[in-house]
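Contents: one structure, followed by commentary.
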Amino acid sequence: MLKLLTALALTSVHGLIVNRSVGLVSYRQHKNSNEKCIFMSLRGLARKSKESEIALFKASLHESSPDSAVWKYMEEGSSDSHKYLRPKVLSDSIRKMPGTLSVISEYRRNMKSGFVTSILEPEIMSPMFREGGASAVAVAIDKNYGGCNESDAMKIFEEQKTAANDFPPSLPIVVRDLVVDPIQIAYAKSLGAVSITLLFNLVEKAKIKLFLDFAGALNMECVVQVSSEEEIKEAIELGSTIVSITGKSLQEAIDLKKMIPDDVAAVIQVDRRSDEGLEEIEDCWKLRDAGFNSIWASEILYKAGQMQSESVTAIIKAIRAKGSVKYGRARGMSGKGEGAKEFLGTLET
């Protein structure tokens, strides 16, 4: 029962309530006070569960690997000499020319919409992200939310390194985790990541600042996940350089984009709607036209299996294509389809 509650909490802290009672996934925003109380309770449960997990990780690492690079990065991150830095080691990769869109492709093993038993191994998926034209690869390493582990992250990092001198070149790695302690940032650094996610409503504001400073000292950039105007305002006040909106409808996300200044990279996670159609691609085109810099593509990459026309690579290409719902549909069943095969921003990358 505790495991079920924890899994529900980990999903809910991303701004969503999941209903699995009929085998389907339905999303609804927290509108009233009762739902907010439930959400805050679940958030607290998720945080405490993660804190317990990290305490065990610290003890185990200290005993088994006292010379681990993680401890070296813990020292570097705690140094006062490099605090308040906000390096743009990821945002420079995901910010393209105005009116263009980049993609952060997420590798995960657990899905909010169910379990995927036949997902390809990370070393196979990694080049597919690159070939599709993604600008970064995210690895969801929280065991309950994303289901990936250290081995998955290392395999992707090693595969990306093999393309360092190729075109397209290797992609920066982002670790997606529920961060409650600086050691998670040091651990992500040891895996080769240049960036890590911070869920704004998971911990208090002072800790978010601590994590931003700690990451900056390690030459890492944080993707700060937000879901309200207040969170956007506070994240920017703390010096966040990448803000990612999660758990919002299309129109709500477009409205929130107006709160993000032009010098801050605006990312939006587009959630999977259903098992059929490619309506999510059309959402991406609308979000591009609203001024978003990048799409965080997670479950939408895995909805069609490995059909050539709707594979991971094809979906990334469709997101980046010069498509518009004004002229045709994403699947191409009517109108002119996804438009020209060139991609916005290709020439300047």
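Going through the structure tokens in order, the chains are called A, B, and so on, while each chain numbers its residues from 1 and the ligands are numbered from 1 in the order shown.
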
Residues near stretch 68-81 of chain A, cut-off 7 Å, only C-alpha atoms, skip fewer than 3 positions along chain, as number ranges by chain: A: 65, 183, 186-187, 190, 214-215, 217-218

Would you write out those residues with N, CA and C atoms, as a PDB file, in the first residue's frame?
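For reference, out-v1.pdb as written:
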```pdb
ATOM      1  N   SER A  65      32.194   3.192  -1.531  1.00  0.00           N
ATOM      2  CA  SER A  65      33.040   3.974  -2.450  1.00  0.00           C
ATOM      3  C   SER A  65      33.456   5.297  -1.822  1.00  0.00           C
ATOM      4  N   ILE A 183      23.638  16.025  -3.015  1.00  0.00           N
ATOM      5  CA  ILE A 183      24.390  14.858  -3.467  1.00  0.00           C
ATOM      6  C   ILE A 183      23.806  14.292  -4.764  1.00  0.00           C
ATOM      7  N   ALA A 186      25.580  16.180  -7.443  1.00  0.00           N
ATOM      8  CA  ALA A 186      26.948  15.663  -7.561  1.00  0.00           C
ATOM      9  C   ALA A 186      26.951  14.304  -8.257  1.00  0.00           C
ATOM     10  N   TYR A 187      25.984  13.494  -7.954  1.00  0.00           N
ATOM     11  CA  TYR A 187      25.859  12.175  -8.580  1.00  0.00           C
ATOM     12  C   TYR A 187      25.586  12.316 -10.073  1.00  0.00           C
ATOM     13  N   SER A 190      28.668  13.125 -11.850  1.00  0.00           N
ATOM     14  CA  SER A 190      29.547  11.960 -11.987  1.00  0.00           C
ATOM     15  C   SER A 190      29.109  11.050 -13.130  1.00  0.00           C
ATOM     16  N   PHE A 214      24.694  25.329  -6.064  1.00  0.00           N
ATOM     17  CA  PHE A 214      25.525  24.127  -6.038  1.00  0.00           C
ATOM     18  C   PHE A 214      25.800  23.645  -7.460  1.00  0.00           C
ATOM     19  N   ALA A 215      24.757  23.596  -8.279  1.00  0.00           N
ATOM     20  CA  ALA A 215      24.922  23.165  -9.671  1.00  0.00           C
ATOM     21  C   ALA A 215      25.820  24.128 -10.440  1.00  0.00           C
ATOM     22  N   ALA A 217      28.245  25.906  -9.333  1.00  0.00           N
ATOM     23  CA  ALA A 217      29.636  25.682  -8.935  1.00  0.00           C
ATOM     24  C   ALA A 217      30.236  24.479  -9.643  1.00  0.00           C
ATOM     25  N   LEU A 218      29.393  23.556 -10.103  1.00  0.00           N
ATOM     26  CA  LEU A 218      29.860  22.369 -10.836  1.00  0.00           C
ATOM     27  C   LEU A 218      29.747  22.560 -12.349  1.00  0.00           C
TER      28      LEU A 218
END
```

A:Gly147 surroundings by only C-alpha atoms, 7 Å radius, close-in-sequence under 5 positions cut, as a count of residues only: 6

Test item, alpha helix (DSSP H) assignment across stretch 100-199 of chain A, answer as a VMD selection string: chain A and resid 122 to 132 150 to 161 182 to 190

Output file for the selection above: N, CA and C atoms, as an mmCIF file, in the first residue's frame:
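Produced file again-v9.cif, reproduced below:
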```cif
data_model
loop_
_atom_site.group_PDB
_atom_site.id
_atom_site.type_symbol
_atom_site.label_atom_id
_atom_site.label_comp_id
_atom_site.auth_asym_id
_atom_site.auth_seq_id
_atom_site.Cartn_x
_atom_site.Cartn_y
_atom_site.Cartn_z
ATOM 1 N N PRO A 122 19.062 1.500 -23.775
ATOM 2 C CA PRO A 122 19.514 2.891 -23.935
ATOM 3 C C PRO A 122 20.552 3.094 -25.026
ATOM 4 N N GLU A 123 21.456 2.140 -25.208
ATOM 5 C CA GLU A 123 22.486 2.299 -26.232
ATOM 6 C C GLU A 123 21.916 2.218 -27.644
ATOM 7 N N ILE A 124 20.698 1.659 -27.773
ATOM 8 C CA ILE A 124 20.022 1.617 -29.075
ATOM 9 C C ILE A 124 19.197 2.879 -29.284
ATOM 10 N N MET A 125 18.533 3.329 -28.231
ATOM 11 C CA MET A 125 17.704 4.528 -28.327
ATOM 12 C C MET A 125 18.534 5.793 -28.470
ATOM 13 N N SER A 126 19.684 5.830 -27.840
ATOM 14 C CA SER A 126 20.502 7.047 -27.812
ATOM 15 C C SER A 126 20.806 7.598 -29.205
ATOM 16 N N PRO A 127 21.307 6.790 -30.157
ATOM 17 C CA PRO A 127 21.556 7.349 -31.498
ATOM 18 C C PRO A 127 20.278 7.723 -32.233
ATOM 19 N N MET A 128 19.151 7.090 -31.884
ATOM 20 C CA MET A 128 17.880 7.439 -32.522
ATOM 21 C C MET A 128 17.467 8.858 -32.145
ATOM 22 N N PHE A 129 17.709 9.235 -30.878
ATOM 23 C CA PHE A 129 17.432 10.609 -30.461
ATOM 24 C C PHE A 129 18.257 11.585 -31.301
ATOM 25 N N ARG A 130 19.517 11.259 -31.452
ATOM 26 C CA ARG A 130 20.438 12.134 -32.187
ATOM 27 C C ARG A 130 20.058 12.228 -33.663
ATOM 28 N N GLU A 131 19.730 11.088 -34.256
ATOM 29 C CA GLU A 131 19.372 11.058 -35.677
ATOM 30 C C GLU A 131 18.067 11.808 -35.952
ATOM 31 N N GLY A 132 17.187 11.852 -34.960
ATOM 32 C CA GLY A 132 15.945 12.594 -35.127
ATOM 33 C C GLY A 132 16.138 14.097 -35.071
ATOM 34 N N GLU A 150 21.634 3.903 -12.911
ATOM 35 C CA GLU A 150 22.967 4.401 -13.256
ATOM 36 C C GLU A 150 23.478 3.772 -14.543
ATOM 37 N N SER A 151 23.232 2.488 -14.717
ATOM 38 C CA SER A 151 23.689 1.799 -15.920
ATOM 39 C C SER A 151 23.072 2.398 -17.178
ATOM 40 N N ASP A 152 21.773 2.713 -17.130
ATOM 41 C CA ASP A 152 21.104 3.323 -18.279
ATOM 42 C C ASP A 152 21.742 4.662 -18.633
ATOM 43 N N ALA A 153 21.968 5.483 -17.604
ATOM 44 C CA ALA A 153 22.561 6.803 -17.832
ATOM 45 C C ALA A 153 23.965 6.691 -18.416
ATOM 46 N N MET A 154 24.755 5.770 -17.877
ATOM 47 C CA MET A 154 26.127 5.605 -18.350
ATOM 48 C C MET A 154 26.167 5.084 -19.787
ATOM 49 N N LYS A 155 25.258 4.192 -20.139
ATOM 50 C CA LYS A 155 25.215 3.669 -21.507
ATOM 51 C C LYS A 155 24.894 4.773 -22.509
ATOM 52 N N ILE A 156 23.969 5.649 -22.144
ATOM 53 C CA ILE A 156 23.638 6.762 -23.030
ATOM 54 C C ILE A 156 24.814 7.721 -23.141
ATOM 55 N N PHE A 157 25.444 8.017 -22.013
ATOM 56 C CA PHE A 157 26.598 8.923 -22.018
ATOM 57 C C PHE A 157 27.730 8.361 -22.875
ATOM 58 N N GLU A 158 28.008 7.090 -22.721
ATOM 59 C CA GLU A 158 29.090 6.476 -23.488
ATOM 60 C C GLU A 158 28.750 6.435 -24.972
ATOM 61 N N GLU A 159 27.494 6.144 -25.314
ATOM 62 C CA GLU A 159 27.116 6.115 -26.719
ATOM 63 C C GLU A 159 27.204 7.498 -27.338
ATOM 64 N N GLN A 160 26.775 8.514 -26.601
ATOM 65 C CA GLN A 160 26.844 9.874 -27.124
ATOM 66 C C GLN A 160 28.288 10.318 -27.345
ATOM 67 N N LYS A 161 29.185 9.869 -26.496
ATOM 68 C CA LYS A 161 30.601 10.235 -26.656
ATOM 69 C C LYS A 161 31.171 9.726 -27.967
ATOM 70 N N PRO A 182 21.782 17.998 -2.281
ATOM 71 C CA PRO A 182 22.849 18.328 -3.240
ATOM 72 C C PRO A 182 23.605 17.113 -3.767
ATOM 73 N N ILE A 183 23.638 16.025 -3.015
ATOM 74 C CA ILE A 183 24.390 14.858 -3.467
ATOM 75 C C ILE A 183 23.806 14.292 -4.764
ATOM 76 N N GLN A 184 22.525 14.528 -5.010
ATOM 77 C CA GLN A 184 21.926 14.070 -6.269
ATOM 78 C C GLN A 184 22.501 14.837 -7.456
ATOM 79 N N ILE A 185 22.815 16.107 -7.245
ATOM 80 C CA ILE A 185 23.424 16.915 -8.297
ATOM 81 C C ILE A 185 24.859 16.450 -8.532
ATOM 82 N N ALA A 186 25.580 16.180 -7.443
ATOM 83 C CA ALA A 186 26.948 15.663 -7.561
ATOM 84 C C ALA A 186 26.951 14.304 -8.257
ATOM 85 N N TYR A 187 25.984 13.494 -7.954
ATOM 86 C CA TYR A 187 25.859 12.175 -8.580
ATOM 87 C C TYR A 187 25.586 12.316 -10.073
ATOM 88 N N ALA A 188 24.691 13.230 -10.441
ATOM 89 C CA ALA A 188 24.393 13.473 -11.856
ATOM 90 C C ALA A 188 25.645 13.931 -12.597
ATOM 91 N N LYS A 189 26.426 14.776 -11.955
ATOM 92 C CA LYS A 189 27.687 15.236 -12.547
ATOM 93 C C LYS A 189 28.621 14.058 -12.790
ATOM 94 N N SER A 190 28.668 13.125 -11.850
ATOM 95 C CA SER A 190 29.547 11.960 -11.987
ATOM 96 C C SER A 190 29.109 11.050 -13.130
#
```

Near-A:Phe211 list (9 Å; only C-alpha atoms; drop same-chain fewer than 4 positions) as a list in words: Val179, Val180, Asp181, Pro182, Ile185, Leu198, Ala206, Lys207, Ala215, Gly216 and Cys222 of chain A

Pairwise distance for atom CA of A:Lys209 and atom CA of A:Asp177, rounded to one decimal in Å: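 Value for the atom CA of A:Lys209-atom CA of A:Asp177 distance: 16.8 Å.
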
Near-stretch 102-107 of chain A list (6 Å; only C-alpha atoms; drop same-chain fewer than 4 positions) as a list in words: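 The neighbour list is Ile94, Ala134, Ser135, Ala136, Val137, Ala138, Val139, Ser294, Ile295, Trp296, Ala297 and Ser298 of chain A.
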
Take the residues that were just selected and, keeping N, CA, C and O atoms, output them as a compact mmCIF listing (two decimals), in the first residue's frame.
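What follows is the written file selection.txt:
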```txt
# COMPACT_ATOMS: atom_id res chain seq x y z
N ILE A 94 19.64 24.32 -26.55
CA ILE A 94 18.21 24.17 -26.82
C ILE A 94 17.56 25.45 -27.34
O ILE A 94 16.43 25.43 -27.81
N ALA A 134 17.26 15.70 -32.02
CA ALA A 134 17.09 16.21 -30.67
C ALA A 134 18.30 17.06 -30.28
O ALA A 134 19.41 16.88 -30.80
N SER A 135 18.09 17.99 -29.36
CA SER A 135 19.16 18.87 -28.90
C SER A 135 19.75 18.41 -27.58
O SER A 135 20.81 18.91 -27.17
N ALA A 136 19.08 17.49 -26.89
CA ALA A 136 19.57 16.97 -25.61
C ALA A 136 18.85 15.67 -25.31
O ALA A 136 17.77 15.39 -25.85
N VAL A 137 19.46 14.87 -24.43
CA VAL A 137 18.85 13.62 -23.97
C VAL A 137 18.66 13.68 -22.46
O VAL A 137 19.61 14.01 -21.73
N ALA A 138 17.46 13.41 -22.01
CA ALA A 138 17.18 13.35 -20.57
C ALA A 138 17.03 11.89 -20.17
O ALA A 138 16.49 11.08 -20.92
N VAL A 139 17.52 11.57 -18.97
CA VAL A 139 17.39 10.22 -18.43
C VAL A 139 16.63 10.32 -17.11
O VAL A 139 17.09 11.00 -16.18
N SER A 294 11.74 25.00 -26.51
CA SER A 294 12.03 23.57 -26.57
C SER A 294 10.86 22.74 -26.05
O SER A 294 10.13 23.17 -25.15
N ILE A 295 10.71 21.56 -26.63
CA ILE A 295 9.72 20.58 -26.18
C ILE A 295 10.44 19.49 -25.39
O ILE A 295 11.43 18.92 -25.86
N TRP A 296 9.95 19.22 -24.18
CA TRP A 296 10.43 18.08 -23.41
C TRP A 296 9.56 16.90 -23.82
O TRP A 296 8.40 16.80 -23.43
N ALA A 297 10.11 16.03 -24.64
CA ALA A 297 9.34 14.91 -25.19
C ALA A 297 9.61 13.66 -24.39
O ALA A 297 10.71 13.13 -24.40
N SER A 298 8.59 13.17 -23.72
CA SER A 298 8.74 11.99 -22.86
C SER A 298 7.91 10.85 -23.42
O SER A 298 8.31 10.18 -24.37
```

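Distances from A:Tyr145, A:Ile260, A:Glu234, A:Gln225 to A:Thr246 were compared using only C-alpha atoms, and the smallest one belongs to A:Gln225.
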
Those in stretch 81-298 of chain A with strand (DSSP E) from DSSP, as a count of residues only: 44

Close residues, A:Ala266 itself excluded, 10 Å, only C-alpha atoms, min 3 positions apart in chain, as a ChimeraX atom specification: /A:91,94-95,223,241-245,257,259-263,291-295

Point-to-point distance in Å for atom CA of A:Ser240 and atom CA of A:Leu85: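 Pair atom CA of A:Leu85 / atom CA of A:Ser240 returns 10.5 Å.
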